[in-house]
>>> print(open('entry_28.cif').read())   # mmCIF, C-alpha atoms
data_target
#
loop_
_atom_site.label_atom_id
_atom_site.label_comp_id
_atom_site.auth_asym_id
_atom_site.auth_seq_id
_atom_site.Cartn_x
_atom_site.Cartn_y
_atom_site.Cartn_z
CA ALA U 423 -45.13 56.70 -7.02
CA GLN U 424 -47.17 55.72 -4.02
CA LYS U 425 -49.94 53.23 -4.30
CA VAL U 426 -52.09 51.07 -2.02
CA THR U 427 -53.83 48.00 -3.37
CA GLN U 428 -56.64 46.16 -1.66
CA ALA U 429 -57.38 43.38 -4.10
CA GLN U 430 -60.42 42.09 -2.24
CA THR U 431 -63.38 44.26 -3.14
CA GLU U 432 -65.94 42.34 -1.09
CA ILE U 433 -65.71 39.58 1.48
CA SER U 434 -68.62 37.76 3.04
CA VAL U 435 -68.23 35.53 6.09
CA VAL U 436 -70.43 33.94 8.68
CA GLU U 437 -70.20 35.14 12.26
CA LYS U 438 -67.32 33.65 14.28
CA GLU U 439 -65.22 32.98 11.21
CA ASP U 440 -61.75 34.50 11.00
CA VAL U 441 -61.12 36.83 8.09
CA THR U 442 -57.99 38.48 6.68
CA LEU U 443 -58.05 41.69 4.68
CA ASP U 444 -55.08 42.14 2.39
CA CYS U 445 -53.16 45.34 1.75
CA VAL U 446 -50.17 45.77 -0.53
CA TYR U 447 -48.40 49.09 -0.83
CA GLU U 448 -45.82 50.74 -3.06
CA THR U 449 -43.45 53.51 -2.09
CA ARG U 450 -39.84 54.38 -2.82
CA ASP U 451 -39.31 56.05 0.52
CA THR U 452 -37.69 54.32 3.45
CA THR U 453 -39.77 56.31 5.93
CA TYR U 454 -43.49 55.85 5.63
CA TYR U 455 -46.58 55.19 7.71
CA LEU U 456 -49.38 52.72 7.22
CA PHE U 457 -52.91 52.93 8.55
CA TRP U 458 -56.12 50.98 8.69
CA TYR U 459 -59.49 52.69 8.94
CA LYS U 460 -63.00 51.29 9.29
CA GLN U 461 -65.96 52.96 7.61
CA PRO U 462 -69.35 51.78 8.91
CA PRO U 463 -72.53 52.64 7.00
CA SER U 464 -72.73 55.96 8.85
CA GLY U 465 -69.79 57.14 6.74
CA GLU U 466 -67.30 58.27 9.36
CA LEU U 467 -63.80 56.80 9.02
CA VAL U 468 -62.69 55.26 12.30
CA PHE U 469 -58.97 54.97 12.97
CA LEU U 470 -57.78 51.44 13.83
CA ILE U 471 -53.99 51.37 13.70
CA ARG U 472 -50.87 53.26 12.63
CA ARG U 473 -47.54 51.65 11.84
CA ASN U 474 -44.24 53.26 10.84
CA SER U 475 -41.84 51.64 8.41
CA PHE U 476 -39.24 50.95 11.07
CA ASP U 477 -41.52 48.91 13.26
CA GLU U 478 -42.32 45.51 11.78
CA GLN U 479 -43.63 44.09 15.01
CA ASN U 480 -47.06 42.57 14.59
CA GLU U 481 -49.81 43.95 16.76
CA ILE U 482 -52.84 42.45 18.41
CA SER U 483 -55.74 44.40 19.85
CA GLY U 484 -58.53 42.21 21.08
CA ARG U 485 -59.96 40.36 18.08
CA TYR U 486 -57.91 42.48 15.67
CA SER U 487 -54.36 41.74 14.57
CA TRP U 488 -52.05 43.21 11.97
CA ASN U 489 -49.19 41.58 10.09
CA PHE U 490 -46.65 44.02 8.64
CA GLN U 491 -44.07 42.52 6.27
CA LYS U 492 -41.70 44.92 4.51
CA SER U 493 -40.25 42.09 2.42
CA THR U 494 -43.56 41.68 0.62
CA SER U 495 -44.79 45.29 1.10
CA SER U 496 -47.88 44.04 2.85
CA PHE U 497 -49.84 45.16 5.88
CA ASN U 498 -52.63 42.64 6.37
CA PHE U 499 -55.45 42.87 8.88
CA THR U 500 -57.08 39.86 10.53
CA ILE U 501 -60.32 39.80 12.47
CA THR U 502 -60.67 36.75 14.67
CA ALA U 503 -64.11 35.38 15.51
CA SER U 504 -65.87 37.99 13.38
CA GLN U 505 -69.07 39.61 14.58
CA VAL U 506 -71.94 41.28 12.74
CA VAL U 507 -70.76 44.64 14.08
CA ASP U 508 -67.54 44.19 12.10
CA SER U 509 -69.51 44.69 8.89
CA ALA U 510 -68.05 47.79 7.25
CA VAL U 511 -65.69 48.96 4.55
CA TYR U 512 -62.06 48.76 5.63
CA PHE U 513 -59.40 51.00 4.14
CA CYS U 514 -55.65 50.62 4.16
CA ALA U 515 -53.70 53.87 3.68
CA LEU U 516 -50.14 55.14 3.30
CA ILE U 517 -48.27 58.39 3.99
CA ASN U 518 -44.64 58.99 3.26
CA ASN U 519 -42.80 62.04 4.46
CA GLN U 520 -42.19 63.21 0.91
CA GLY U 521 -45.71 62.92 -0.43
CA GLY U 522 -47.55 64.68 2.34
CA LYS U 523 -50.90 63.10 1.60
CA LEU U 524 -52.78 60.07 2.79
CA ILE U 525 -53.16 57.60 -0.08
CA PHE U 526 -56.03 55.15 0.33
CA GLY U 527 -56.65 51.76 -1.15
CA GLN U 528 -60.00 51.13 -2.79
CA GLY U 529 -61.36 49.51 0.33
CA THR U 530 -62.67 46.05 1.18
CA GLU U 531 -66.33 45.70 2.04
CA LEU U 532 -66.72 43.10 4.75
CA SER U 533 -70.10 41.56 5.38
CA VAL U 534 -70.49 39.37 8.45
CA LYS U 535 -73.70 37.38 8.43
CA PRO U 536 -75.30 35.96 11.57
CA LYS H 315 -62.48 65.31 23.93
CA ALA H 316 -64.90 66.17 21.18
CA GLY H 317 -64.18 64.67 17.79
CA VAL H 318 -64.00 66.35 14.42
CA THR H 319 -67.26 68.03 13.52
CA GLN H 320 -68.51 68.95 10.09
CA THR H 321 -71.42 71.09 9.00
CA PRO H 322 -73.74 70.74 7.29
CA ARG H 323 -74.16 66.98 7.19
CA TYR H 324 -76.28 66.98 4.04
CA LEU H 325 -76.54 69.45 1.23
CA ILE H 326 -78.41 69.62 -2.05
CA LYS H 327 -77.31 72.14 -4.66
CA THR H 328 -77.86 72.70 -8.37
CA ARG H 329 -75.26 72.90 -11.09
CA GLY H 330 -73.45 76.22 -11.26
CA GLN H 331 -74.00 77.10 -7.62
CA GLN H 332 -71.24 77.27 -5.06
CA VAL H 333 -71.01 75.63 -1.67
CA THR H 334 -69.03 76.10 1.54
CA LEU H 335 -68.41 73.26 3.95
CA SER H 336 -67.13 73.73 7.47
CA CYS H 337 -64.88 71.63 9.69
CA SER H 338 -63.91 72.00 13.34
CA PRO H 339 -60.89 69.89 14.28
CA ILE H 340 -60.20 68.11 17.53
CA SER H 341 -59.05 70.59 20.15
CA GLY H 342 -55.29 71.07 19.89
CA HIS H 343 -55.02 69.70 16.38
CA ARG H 344 -53.42 72.12 13.96
CA SER H 345 -53.59 70.22 10.69
CA VAL H 346 -56.84 69.88 8.77
CA SER H 347 -57.17 67.88 5.58
CA TRP H 348 -60.07 67.43 3.21
CA TYR H 349 -60.98 64.35 1.17
CA GLN H 350 -63.55 63.57 -1.47
CA GLN H 351 -65.14 60.12 -1.53
CA THR H 352 -67.06 58.87 -4.55
CA PRO H 353 -68.01 55.32 -5.59
CA GLY H 354 -65.93 55.58 -8.75
CA GLN H 355 -62.77 57.29 -7.52
CA GLY H 356 -62.72 56.23 -3.90
CA LEU H 357 -61.10 58.45 -1.30
CA GLN H 358 -59.03 61.25 -2.76
CA PHE H 359 -56.99 63.89 -0.99
CA LEU H 360 -58.03 67.47 -1.67
CA PHE H 361 -55.71 69.59 0.45
CA GLU H 362 -54.10 70.06 3.85
CA TYR H 363 -54.00 73.21 5.93
CA PHE H 364 -51.65 73.87 8.80
CA SER H 365 -51.20 77.17 10.61
CA GLU H 366 -53.59 78.85 8.19
CA THR H 367 -51.45 77.86 5.19
CA GLN H 368 -52.17 75.32 2.50
CA ARG H 369 -49.37 72.78 2.73
CA ASN H 370 -50.30 70.30 0.06
CA LYS H 371 -52.89 69.94 -2.65
CA GLY H 372 -54.34 67.00 -4.51
CA ASN H 373 -55.18 66.79 -8.17
CA PHE H 374 -58.39 68.79 -8.24
CA PRO H 375 -59.38 71.82 -10.34
CA GLY H 376 -59.14 75.34 -8.99
CA ARG H 377 -62.88 75.33 -8.30
CA PHE H 378 -61.98 73.54 -5.10
CA SER H 379 -60.44 75.83 -2.52
CA GLY H 380 -60.13 76.06 1.20
CA ARG H 381 -58.90 78.09 4.07
CA GLN H 382 -58.02 77.72 7.71
CA PHE H 383 -58.64 80.17 10.50
CA SER H 384 -56.46 81.02 13.46
CA ASN H 385 -58.46 78.64 15.68
CA SER H 386 -57.66 75.82 13.19
CA ARG H 387 -61.23 75.60 11.96
CA SER H 388 -61.35 75.11 8.22
CA GLU H 389 -63.73 75.73 5.36
CA MET H 390 -63.81 74.22 1.93
CA ASN H 391 -65.44 75.94 -1.01
CA VAL H 392 -66.51 74.51 -4.34
CA SER H 393 -67.54 76.99 -6.99
CA THR H 394 -69.50 76.41 -10.18
CA LEU H 395 -70.73 73.02 -9.05
CA GLU H 396 -70.85 70.13 -11.50
CA LEU H 397 -72.83 66.92 -11.29
CA GLY H 398 -69.58 65.03 -10.70
CA ASP H 399 -68.97 66.97 -7.50
CA SER H 400 -71.66 64.90 -5.80
CA ALA H 401 -69.74 63.07 -3.10
CA LEU H 402 -69.06 62.59 0.57
CA TYR H 403 -66.60 65.24 1.71
CA LEU H 404 -64.57 64.22 4.71
CA CYS H 405 -62.50 66.42 6.94
CA ALA H 406 -59.70 65.05 9.09
CA SER H 407 -57.50 66.60 11.74
CA SER H 408 -54.14 65.70 13.22
CA LEU H 409 -51.70 67.16 15.69
CA ALA H 410 -49.00 67.84 13.13
CA LEU H 411 -48.34 67.79 9.41
CA LEU H 412 -49.16 64.75 7.31
CA THR H 413 -45.51 64.54 6.30
CA GLN H 414 -44.74 63.64 9.90
CA GLY H 415 -46.98 60.62 9.63
CA GLU H 416 -49.46 61.80 12.20
CA THR H 417 -52.69 59.91 12.61
CA GLN H 418 -55.66 61.66 11.09
CA TYR H 419 -59.04 61.54 12.77
CA PHE H 420 -62.04 61.96 10.56
CA GLY H 421 -65.33 63.74 10.91
CA PRO H 422 -68.72 62.31 9.90
CA GLY H 423 -68.58 63.98 6.50
CA THR H 424 -70.86 66.19 4.44
CA ARG H 425 -72.92 64.48 1.75
CA LEU H 426 -73.26 66.82 -1.19
CA LEU H 427 -75.74 66.12 -3.95
CA VAL H 428 -75.58 68.28 -7.07
CA LEU H 429 -78.69 68.25 -9.25
#
>>> encode(input="entry_28.cif", output="structure tokens")
Amino acid sequence: AQKVTQAQTEISVVEKEDVTLDCVYETRDTTYYLFWYKQPPSGELVFLIRRNSFDEQNEISGRYSWNFQKSTSSFNFTITASQVVDSAVYFCALINNQGGKLIFGQGTELSVKP
Amino acid sequence: KAGVTQTPRYLIKTRGQQVTLSCSPISGHRSVSWYQQTPGQGLQFLFEYFSETQRNKGNFPGRFSGRQFSNSRSEMNVSTLELGDSALYLCASSLALLTQGETQYFGPGTRLLVL
């Protein structure tokens, strides 16, 4: 069975702090894809990153970075020097080529205070 | 390129009625998926359409149905509405099938309130 767990329901930080959002996934397939999405209060899910199971290289995009570790089935997301505009709910998600559906974690609500 | 658009953005219905939601994918995208988001259940997959055919379906009752047109636009219908159908309904489009791991891009959603 496929499953995505985001154990942190809510995180509150002060602006300029670094914050890491955890994501642990379960799948029996060797080919799968992992995603992170951001959902601001407006409701629209904004795509952040896609990773396939054969590419464990970490990625950095500006203040955002992702750490993919197959050994621990984790795909964690770090925001460096957080800003108020980063306040949103962040979702980790998984597709495998057998399941054919995007499975979401429960989301982590990040609040960045000035 | 225009993003995914959904209409209407807000909808209020009463129990027992039916509702049709519409989604226009990003130009060139052939796969359209629908999701339901509620505070209790989170984001749940409803179904995926590709080339006018339903390719996969989530665990929802038959009251939830959809279709896709030749221009890839999609509609979702919910019949005999129940209070529990109150949710944000999100549409997403991608170039190819979900099984190929394509990135899905989401629309702004339709907020449905059932009274």
>>> interface_residues(input="entry_28.cif", of="chain H", to="chain U", cutoff="7 Å", atoms="only C-alpha atoms", output="PyMOL selection string")
chain H and resi 356-357+359+370+412-415+417+419-423
>>> write_last_selection(input="entry_28.cif", atoms="C-alpha atoms", output="compact mmCIF listing (two decimals), keeping the file's coordinate frame")
# COMPACT_ATOMS: atom_id res chain seq x y z
CA GLY H 356 -62.72 56.23 -3.90
CA LEU H 357 -61.10 58.45 -1.30
CA PHE H 359 -56.99 63.89 -0.99
CA ASN H 370 -50.30 70.30 0.06
CA LEU H 412 -49.16 64.75 7.31
CA THR H 413 -45.51 64.54 6.30
CA GLN H 414 -44.74 63.64 9.90
CA GLY H 415 -46.98 60.62 9.63
CA THR H 417 -52.69 59.91 12.61
CA TYR H 419 -59.04 61.54 12.77
CA PHE H 420 -62.04 61.96 10.56
CA GLY H 421 -65.33 63.74 10.91
CA PRO H 422 -68.72 62.31 9.90
CA GLY H 423 -68.58 63.98 6.50
>>> atom_distance(input="entry_28.cif", atom1="CA of Gln350 (chain H)", atom2="CA of Pro322 (chain H)")
15.2 Å
>>> resolve_selection(input="entry_28.cif", expression="the PyMOL selection byres ((chain H and resi 328) around 12)", output="VMD selection string")
chain H and resid 325 to 327 329 to 333 393 to 400 426 to 429
>>> resolve_selection(input="entry_28.cif", expression="the PyMOL selection byres ((chain U and resi 445) around 9)", output="PyMOL selection string")
chain U and resi 426-430+443-444+446-447+495-499+513-515+527
>>> resolve_selection(input="entry_28.cif", expression="the PyMOL selection byres ((chain U and resi 511) around 6)", output="mmCIF file with C-alpha atoms, in the frame of the given file")
data_model
loop_
_atom_site.group_PDB
_atom_site.id
_atom_site.type_symbol
_atom_site.label_atom_id
_atom_site.label_comp_id
_atom_site.auth_asym_id
_atom_site.auth_seq_id
_atom_site.Cartn_x
_atom_site.Cartn_y
_atom_site.Cartn_z
ATOM 1 C CA LYS U 460 -63.000 51.290 9.290
ATOM 2 C CA GLN U 461 -65.960 52.960 7.610
ATOM 3 C CA ALA U 510 -68.050 47.790 7.250
ATOM 4 C CA TYR U 512 -62.060 48.760 5.630
ATOM 5 C CA THR U 530 -62.670 46.050 1.180
ATOM 6 C CA GLU U 531 -66.330 45.700 2.040
ATOM 7 C CA LEU U 532 -66.720 43.100 4.750
#
>>> residues_near_point(input="entry_28.cif", point="(-66.8, 74.6, 1.8)", cutoff="7 Å", atoms="all atoms listed in the file", output="list of chain:residue names")
H:Val333, H:Thr334, H:Leu335, H:Ser336, H:Gly380, H:Glu389, H:Met390, H:Asn391, H:Val392
>>> atom_distance(input="entry_28.cif", atom1="CA of Ser408 (chain H)", atom2="CA of Pro339 (chain H)")
8.0 Å
>>> residues_near_point(input="entry_28.cif", point="(-77.2, 35.7, 16.6)", cutoff="9 Å", atoms="only C-alpha atoms", output="ChimeraX atom specification")
/U:437,506,536
>>> write_last_selection(input="entry_28.cif", atoms="C-alpha atoms", output="CSV table (one decimal), keeping the file's coordinate frame")
chain,number,residue,atom,x,y,z
U,437,GLU,CA,-70.2,35.1,12.3
U,506,VAL,CA,-71.9,41.3,12.7
U,536,PRO,CA,-75.3,36.0,11.6
>>> atom_distance(input="entry_28.cif", atom1="CA of Ala410 (chain H)", atom2="CA of Tyr349 (chain H)")
17.3 Å
>>> residues_around(input="entry_28.cif", residues="His343 (chain H)", least_positions_apart="3", cutoff="12 Å", atoms="all atoms listed in the file", output="ChimeraX atom specification")
/H:315-318,338-340,346-347,363-365,384-388,406-412,416-420
